[in-house]
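Here is structure_24.txt, consisting of compact mmCIF, C-alpha atoms:
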```
# COMPACT_ATOMS: atom_id res chain seq x y z
CA HIS A 876 88.12 112.22 57.27
CA SER A 877 90.30 110.85 54.45
CA ILE A 878 88.31 107.59 54.45
CA SER A 879 85.07 109.57 54.02
CA VAL A 880 86.52 111.45 51.07
CA LEU A 881 87.74 108.27 49.40
CA LEU A 882 84.38 106.55 49.92
CA GLU A 883 82.52 109.53 48.47
CA ILE A 884 84.80 109.63 45.41
CA ALA A 885 84.35 105.88 44.87
CA ALA A 886 80.55 106.20 45.12
CA LEU A 887 80.43 109.06 42.61
CA GLN A 888 82.73 107.21 40.23
CA TRP A 889 80.59 104.07 40.45
CA TYR A 890 77.44 106.12 39.84
CA SER A 891 78.85 107.86 36.76
CA LYS A 892 79.95 104.54 35.24
CA ASN A 893 76.60 102.80 35.80
CA VAL A 894 73.97 105.51 35.41
CA GLU A 895 74.03 105.34 31.61
CA GLY A 896 73.05 101.69 31.58
CA GLY A 897 70.04 102.30 33.79
CA GLN A 898 68.44 99.79 36.13
CA THR A 899 69.05 96.12 35.44
CA GLY A 900 68.06 92.96 37.22
CA SER A 901 71.40 92.58 39.00
CA VAL A 902 72.62 96.17 39.30
CA TYR A 903 70.74 98.86 41.18
CA VAL A 904 71.59 102.46 40.31
CA PRO A 905 70.31 105.18 42.70
CA ASP A 906 68.36 108.12 41.36
CA SER A 907 71.03 110.72 42.08
CA GLN A 908 74.65 111.19 43.03
CA ASP A 909 73.68 112.17 46.57
CA MET A 910 71.71 108.95 46.99
CA ALA A 911 74.67 106.93 45.67
CA VAL A 912 76.95 108.47 48.32
CA LYS A 913 74.34 107.91 51.04
CA LEU A 914 73.95 104.27 50.03
CA ALA A 915 77.73 103.70 50.04
CA PHE A 916 78.10 105.08 53.58
CA ALA A 917 75.10 103.04 54.77
CA ILE A 918 76.58 99.84 53.35
CA MET A 919 79.89 100.43 55.15
CA THR A 920 78.03 101.03 58.42
CA LEU A 921 76.03 97.85 57.89
CA ASN A 922 79.23 95.89 57.23
CA THR A 923 80.69 97.17 60.52
CA GLN A 924 77.56 96.25 62.50
CA LEU A 925 77.48 92.73 61.09
CA HIS A 926 81.18 91.80 61.15
CA ASN A 927 83.11 93.98 63.60
CA PRO A 928 83.86 91.69 66.60
CA LEU A 929 83.48 94.64 68.98
CA LEU A 930 79.93 95.33 67.77
CA ARG A 931 78.45 92.11 66.47
CA THR A 932 77.90 90.76 69.99
CA GLU A 933 75.85 93.87 70.80
CA THR A 934 74.04 94.27 67.47
CA GLN A 935 71.70 91.52 66.32
CA PRO A 936 71.38 91.00 62.54
CA ASP A 937 67.67 91.83 62.61
CA ALA A 938 68.37 95.13 64.36
CA ALA A 939 71.11 95.92 61.84
CA LEU A 940 68.63 95.31 59.00
CA ARG A 941 66.03 97.60 60.58
CA ASP A 942 68.61 100.37 61.02
CA PHE A 943 69.78 99.93 57.43
CA VAL A 944 66.27 100.19 55.99
CA ALA A 945 65.32 103.09 58.25
CA LYS A 946 68.13 105.22 56.78
CA PHE A 947 66.21 105.32 53.47
CA ARG A 948 62.73 105.93 54.88
CA ALA A 949 61.66 109.53 54.25
CA THR A 950 58.50 111.54 54.92
CA VAL A 951 57.14 113.92 52.29
CA VAL A 952 53.94 115.82 51.63
CA ASP A 953 51.71 114.65 48.83
CA ASP A 954 50.92 118.22 47.63
CA PRO A 955 53.57 120.80 48.64
CA ALA A 956 51.61 123.58 46.96
CA VAL A 957 48.90 123.29 49.58
CA ALA A 958 51.38 124.37 52.25
CA GLY A 959 51.48 127.82 50.66
CA LYS A 960 47.73 128.39 50.92
CA ARG A 961 47.76 130.32 54.11
CA LYS A 962 45.44 133.03 55.33
CA GLY A 963 47.57 135.19 57.52
CA ASN A 964 49.57 132.93 59.78
CA VAL A 965 46.84 130.32 60.10
CA LEU A 966 46.75 127.20 58.01
CA ARG A 967 43.22 125.91 57.68
CA LYS A 968 42.72 122.28 58.71
CA ARG A 969 41.36 121.26 55.32
CA ASP A 970 44.45 122.80 53.66
CA GLN A 971 46.99 120.95 55.82
CA PRO A 972 49.25 118.77 53.63
CA ARG A 973 49.03 115.02 54.01
CA VAL A 974 52.39 113.55 55.12
CA VAL A 975 53.32 110.21 53.58
CA THR A 976 56.31 107.89 53.99
CA ILE A 977 58.29 106.78 50.98
CA MET A 978 61.38 104.60 50.44
CA GLU A 979 64.28 106.36 48.75
CA VAL A 980 65.62 102.93 47.80
CA PRO A 981 63.21 100.03 47.25
CA THR A 982 62.97 97.76 50.28
CA GLU A 983 63.61 94.64 48.20
CA ARG A 984 66.86 96.18 46.93
CA LEU A 985 67.96 97.00 50.49
CA LYS A 986 67.14 93.47 51.63
CA ALA A 987 69.19 92.02 48.77
CA ILE A 988 72.16 94.24 49.69
CA TYR A 989 71.81 93.23 53.34
CA ASP A 990 71.85 89.51 52.47
CA ARG A 991 75.02 89.87 50.39
CA VAL A 992 76.86 91.88 53.05
CA LEU A 993 75.81 89.40 55.74
CA ALA A 994 77.14 86.48 53.71
CA ASN A 995 80.30 88.19 52.47
CA ARG A 996 82.16 90.64 54.68
CA LEU A 997 83.50 93.68 52.84
CA VAL A 998 87.28 93.57 53.20
CA THR A 999 89.53 96.61 52.94
CA CYS A 1000 93.23 96.52 52.14
CA SER A 1001 94.12 96.93 55.82
CA ASP A 1002 91.75 94.07 56.76
CA ALA A 1003 93.46 91.79 54.26
CA ARG A 1004 96.80 92.23 55.97
CA PRO A 1005 97.52 89.18 58.13
CA SER A 1006 97.15 89.67 61.84
CA ALA A 1007 100.10 89.64 64.19
CA PRO A 1008 101.62 86.19 64.76
CA GLU A 1009 100.05 84.53 67.78
CA PHE A 1010 101.97 82.89 70.63
CA GLU A 1011 101.06 79.67 72.42
CA VAL A 1012 103.02 78.52 75.49
CA GLU A 1013 103.26 75.02 76.97
CA TRP A 1014 105.48 73.31 79.52
CA VAL A 1015 107.30 70.10 78.63
CA ARG A 1016 109.66 67.72 80.45
CA ASP A 1017 112.02 67.00 77.57
CA CYS A 1018 113.78 70.05 76.15
CA SER A 1019 115.31 68.01 73.32
CA ASP A 1020 111.97 67.05 71.78
CA LEU A 1021 109.81 69.78 70.24
CA ASN A 1022 106.93 67.29 70.00
CA ALA A 1023 107.05 66.21 73.64
CA PRO A 1024 103.60 66.02 75.31
CA PRO A 1025 102.83 69.10 77.41
CA LEU A 1026 102.16 69.06 81.13
CA SER A 1027 98.55 68.76 82.18
CA ASP A 1028 96.69 71.67 83.74
CA ASP A 1029 96.97 70.02 87.17
CA GLN A 1030 100.73 69.60 86.78
CA VAL A 1031 101.15 73.20 85.70
CA GLU A 1032 99.09 74.40 88.66
CA GLN A 1033 101.10 72.33 91.15
CA GLU A 1034 104.62 72.70 89.75
CA ILE A 1035 104.73 75.83 87.64
CA GLU A 1036 102.33 78.49 88.83
CA ASP A 1037 103.88 78.68 92.30
CA VAL A 1038 107.19 79.58 90.68
CA TYR A 1039 105.87 81.66 87.79
CA SER A 1040 103.15 83.48 89.68
CA ASP A 1041 103.83 86.87 88.11
CA PRO A 1042 101.06 88.50 86.02
CA GLY A 1043 102.94 87.83 82.79
CA PHE A 1044 102.37 84.11 83.20
CA ARG A 1045 98.61 84.38 83.02
CA ASP A 1046 96.24 85.47 80.29
CA GLY A 1047 94.47 88.71 81.09
CA ILE A 1048 92.60 91.54 79.46
CA LEU A 1049 95.80 93.59 79.27
CA PHE A 1050 97.77 90.82 77.55
CA ASN A 1051 97.56 90.15 73.84
CA ALA A 1052 98.31 86.95 71.94
CA SER A 1053 101.87 87.99 71.11
CA SER A 1054 105.06 87.97 73.21
CA ASP A 1055 103.12 89.13 76.27
CA ARG A 1056 102.23 85.46 76.69
CA LEU A 1057 105.79 84.71 77.79
CA PRO A 1058 106.44 84.69 81.56
CA SER A 1059 108.58 87.46 82.96
CA LYS A 1060 110.83 85.14 84.99
CA PHE A 1061 112.38 81.68 84.88
CA SER A 1062 114.26 79.50 87.34
CA ILE A 1063 117.80 78.28 86.67
CA GLU A 1064 116.55 74.79 87.54
CA PRO A 1065 113.00 74.74 86.23
CA PRO A 1066 110.69 71.78 86.89
CA ALA A 1067 109.82 71.90 83.18
CA TRP A 1068 110.85 73.70 80.01
CA LEU A 1069 108.84 76.36 78.23
CA ARG A 1070 107.87 75.51 74.65
CA VAL A 1071 106.72 78.48 72.58
CA THR A 1072 104.75 78.07 69.36
CA ILE A 1073 104.32 80.98 66.94
CA ARG A 1074 101.29 80.70 64.65
CA ILE A 1075 100.47 82.61 61.46
CA PRO A 1076 97.25 82.30 59.41
CA GLU A 1077 98.75 79.97 56.77
CA PRO A 1078 102.12 78.54 55.66
CA ASN A 1079 104.39 81.10 54.01
CA PRO A 1080 107.76 80.07 52.56
CA LYS A 1081 108.69 83.73 52.14
CA LEU A 1082 108.59 84.49 55.85
CA SER A 1083 111.01 83.52 58.61
CA ILE A 1084 111.63 84.77 62.15
CA ARG A 1085 115.08 85.01 63.66
CA ILE A 1086 115.28 85.14 67.46
CA ARG A 1087 118.09 87.24 68.86
CA VAL A 1088 119.08 86.94 72.51
CA LEU A 1089 120.56 89.92 74.35
CA SER A 1090 121.86 88.75 77.72
CA MET A 1091 123.23 90.31 80.88
CA PRO A 1092 124.36 87.56 83.28
CA ALA A 1093 124.20 88.44 86.96
CA ASP A 1094 127.98 88.16 87.35
CA THR A 1095 128.74 90.28 84.24
CA PRO A 1096 129.05 94.10 84.53
CA ALA A 1097 126.61 96.08 82.42
CA ALA A 1098 129.50 97.62 80.48
CA THR A 1099 130.46 94.19 79.18
CA ASN A 1100 126.93 93.11 78.43
CA ALA A 1101 127.04 89.76 76.65
CA SER A 1102 124.91 89.18 73.61
CA SER A 1103 124.37 86.56 70.98
CA ASN A 1104 122.88 86.53 67.51
CA SER A 1105 122.72 82.75 67.33
CA GLY A 1106 120.31 82.26 70.22
CA SER A 1107 122.59 79.64 71.83
CA GLY A 1108 125.83 81.39 72.77
CA PRO A 1109 127.74 80.13 75.80
CA ALA A 1110 127.56 83.57 77.43
CA ASP A 1111 123.79 83.80 77.06
CA VAL A 1112 121.46 83.61 80.02
CA VAL A 1113 119.21 81.31 77.96
CA SER A 1114 119.54 79.20 74.86
CA ILE A 1115 116.96 78.74 72.11
CA LEU A 1116 116.42 75.11 71.13
CA PRO A 1117 116.76 73.54 68.64
CA ASN A 1118 117.83 76.79 66.88
CA ASN A 1119 116.87 80.44 66.68
CA TRP A 1120 115.63 80.45 63.07
CA LEU A 1121 111.93 79.73 62.57
CA THR A 1122 110.50 78.99 59.13
CA PHE A 1123 106.93 78.56 57.93
CA ARG A 1124 107.56 76.80 54.63
CA ALA A 1125 105.51 73.65 55.29
CA SER A 1126 103.40 74.69 58.27
CA ASN A 1127 101.72 77.75 59.72
CA THR A 1128 103.38 77.06 63.10
CA ALA A 1129 106.98 77.03 64.32
CA SER A 1130 108.17 76.14 67.82
CA PHE A 1131 111.19 76.67 70.04
CA ILE A 1132 112.15 75.93 73.66
CA ILE A 1133 113.68 78.43 76.09
CA ARG A 1134 116.38 76.79 78.19
CA PRO A 1135 117.85 78.80 81.12
CA GLN A 1136 121.65 78.60 81.36
CA ALA A 1137 122.68 81.27 83.88
CA VAL A 1138 121.20 83.72 86.34
CA GLY A 1139 120.56 87.18 84.90
CA HIS A 1140 118.39 89.24 82.59
CA PHE A 1141 117.79 88.66 78.90
CA THR A 1142 115.74 90.13 76.07
CA LEU A 1143 114.32 88.23 73.12
CA HIS A 1144 114.08 90.13 69.83
CA PHE A 1145 111.96 88.63 67.06
CA ILE A 1146 113.30 89.75 63.67
CA MET A 1147 110.96 89.21 60.71
CA GLU A 1148 112.83 88.19 57.55
CA GLY A 1149 111.86 87.35 53.99
CA SER A 1150 110.09 89.16 51.17
CA HIS A 1151 106.71 88.79 52.90
CA ALA A 1152 107.87 90.04 56.29
CA ARG A 1153 106.41 93.48 55.60
CA HIS A 1154 102.91 91.95 55.43
CA TYR A 1155 102.98 90.99 59.12
CA HIS A 1156 102.81 93.07 62.25
CA PRO A 1157 106.15 93.14 64.13
CA ILE A 1158 106.46 91.08 67.29
CA PRO A 1159 107.34 93.14 70.40
CA SER A 1160 110.57 92.23 72.16
CA ARG A 1161 110.30 90.66 75.61
CA THR A 1162 112.61 91.16 78.60
CA MET A 1163 112.75 88.39 81.20
CA VAL A 1164 114.88 87.28 84.12
CA VAL A 1165 116.37 83.96 85.18
CA GLU A 1166 116.45 83.61 88.94
CA GLY A 1167 118.55 81.30 91.05
CA ALA A 1168 117.20 78.07 92.42
CA PHE A 1169 116.98 79.44 95.95
CA MET A 1170 114.02 77.92 97.83
CA ARG A 1171 113.74 75.20 95.21
CA GLN A 1172 116.15 72.94 97.17
CA THR A 1173 115.83 73.67 100.90
CA VAL A 1174 116.91 72.10 104.17
CA GLN A 1175 115.23 73.03 107.44
CA VAL A 1176 116.89 72.46 110.83
CA ASN A 1177 114.96 72.90 114.07
CA TRP A 1178 115.61 72.18 117.73
CA LYS A 1179 114.08 72.78 121.14
CA ARG A 1180 114.87 75.86 123.17
CA GLY A 1181 115.10 74.95 126.83
CA GLU A 1182 112.64 72.59 128.45
CA ASP A 1183 109.55 73.89 126.68
CA SER A 1184 108.82 71.55 123.78
CA ASN A 1185 106.66 74.20 122.09
CA ASN A 1186 109.51 76.68 121.96
CA ARG A 1187 111.52 75.61 118.94
CA ALA A 1188 114.10 77.36 116.81
CA ARG A 1189 114.02 76.89 113.05
CA HIS A 1190 116.53 77.71 110.34
CA MET A 1191 116.00 77.13 106.62
CA PHE A 1192 118.84 76.98 104.09
CA GLY A 1193 118.47 77.24 100.32
CA MET A 1194 120.74 75.22 98.03
CA ASP A 1195 121.60 75.88 94.42
CA SER A 1196 121.22 72.24 93.30
CA GLN A 1197 120.00 68.83 94.35
CA PRO A 1198 123.55 67.37 94.73
CA THR A 1199 124.50 70.25 97.06
CA LYS A 1200 121.38 69.65 99.12
CA THR A 1201 122.17 65.93 99.36
CA ARG A 1202 125.71 66.62 100.59
CA TRP A 1203 124.46 69.05 103.23
CA VAL A 1204 121.85 66.60 104.46
CA GLN A 1205 124.47 63.86 104.74
CA CYS A 1206 126.85 66.13 106.65
CA LEU A 1207 124.15 67.31 109.06
CA GLU A 1208 122.96 63.79 109.72
CA ALA A 1209 126.54 62.64 110.39
CA ALA A 1210 127.08 65.56 112.78
CA LEU A 1211 123.87 64.77 114.65
CA ARG A 1212 124.84 61.11 114.98
CA SER A 1213 128.29 61.96 116.31
CA THR A 1214 126.77 64.36 118.82
CA ALA A 1215 124.31 61.73 119.99
CA ASP A 1216 127.15 59.22 120.49
```

Can you turn what I pasted into structure tokens?
Amino acid sequence: HSISVLLEIAALQWYSKNVEGGQTGSVYVPDSQDMAVKLAFAIMTLNTQLHNPLLRTETQPDAALRDFVAKFRATVVDDPAVAGKRKGNVLRKRDQPRVVTIMEVPTERLKAIYDRVLANRLVTCSDARPSAPEFEVEWVRDCSDLNAPPLSDDQVEQEIEDVYSDPGFRDGILFNASSDRLPSKFSIEPPAWLRVTIRIPEPNPKLSIRIRVLSMPADTPAATNASSNSGSGPADVVSILPNNWLTFRASNTASFIIRPQAVGHFTLHFIMEGSHARHYHPIPSRTMVVEGAFMRQTVQVNWKRGEDSNNRARHMFGMDSQPTKTRWVQCLEAALRSTAD
């Protein structure tokens, strides 16, 4: 409702400032205040049909032009006085008024307005505000190099998606381009490291993002919840590499790598700083978990039960690291050899 009032006031103000000069080659002034308001609302509707991403796929430009022109097509009678010549309640056929169609605004003027709106989207103050920073996620082998080449789609499918199979890992209709792109769980011994890139429309030296990590390691009571403002504290479940302060002075992108350090839960808070921080939408915080490496390093032992070779017993053990798995394998093999001797 408030937008309608503001648009009407703007249309009336524009009309009062231009009506004295009359029609010119470049400026069209409607015949009345009511027509000025009607034209203003029609132009805003046309702008929405042509440029709103939710509508432009459904509305073709030609259809938008027809709708725009039709708003100013009116039907009138050529001689209204004839309508009063009635005998009783019957209007004689020869006295029936002739209905004609007129254009309240010249068609060529409407076509010129349409062409300008199509070529130049009308932008409001809220439209001019930059969109929320967008997140891009990639998996890399080297956590010390922000420019390391990412894993291929095949590598991600084979090595990552089996571990990070939760809905938060994938793009979906319910997930936006912000922190929802981050997976909801990590492994303490990941096959690759997650590199996160935050993108804004253009470089901005007056904007920075500080990443704060709030951690709760699995072996730490909730009452003594560990936290860190630096993004790389020794008590944190994860560390942020190379640091937790992102700047956009020379580029519209800034990257960091999430490195798991301990099993537990953690929350990333993205704090917008700088004099231009108020121009950007805030980034939602994201809570994630680092799981142990169970089932990443496994040893399976099986043996026959009785004389039936098809009846076998199996036991699987999960190890917390590759060295532990190697030691267990060596011990089991030595035990089996000694038993065989």

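Across the model, the gap from CA of Asn1079 in chain A to CA of Thr1162 in chain A is 27.8 Å.
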
Using all atoms listed in the file, collect all residues at a distance of at most 12 Å from (75.4, 97.2, 59.2) as written in the file, then present them as JSON, numbers by chain. {"A": [914, 915, 916, 917, 918, 919, 920, 921, 922, 923, 924, 925, 926, 927, 930, 931, 934, 935, 936, 937, 938, 939, 940, 941, 942, 943, 944, 945, 946, 985, 986, 988, 989, 990, 991, 992, 993, 996, 997]}

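Computed from the coordinates, the CA of Gly1167 in chain A to CA of Arg1070 in chain A distance equals 20.4 Å.
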
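With all atoms listed in the file as the basis for measurement, A:Ala949 is the residue among A:Ala949, A:Val912, A:Ala994, A:Ala1007 that approaches Thr976 in chain A most closely.
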
**Asked** In Å to one decimal, how far is CA of Leu1207 in chain A from CA of Glu1064 in chain A?
**Response**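 Answer for the CA of Glu1064 in chain A to CA of Leu1207 in chain A separation: 24.0 Å.
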
**Asked** Which is closest to Val1174 in chain A among A:Ala1210, A:Met1194, A:Val998, A:Ala1188, if we use only C-alpha atoms?
**Response**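 Smallest distance to Val1174 in chain A is found for A:Met1194.
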
- Select, from A:Asp1017, A:Pro1066, A:Arg1153, A:Val1164, the residue with the minimum atom-to-atom distance to Asp1111 in chain A, counting all atoms listed in the file.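 Of the candidates, the smallest distance to Asp1111 in chain A is held by A:Val1164.
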
Minimum-distance residue to Asn1127 in chain A, chosen among A:Pro1008, A:Ser1059, A:Ile1035, A:Ser1090 (using all atoms listed in the file):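 Checking each candidate against Asn1127 in chain A, we get A:Pro1008 as the closest.
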
Padding 4 Å on every side, please: axis-aligned box over the listed atoms of range 1120-1138 of chain A, centre and edge lengths to one decimal in Å, as lines of an AutoDock Vina configuration file.
```
center_x = 112.2
center_y = 78.7
center_z = 70.5
size_x = 29.0
size_y = 18.1
size_z = 39.7
```
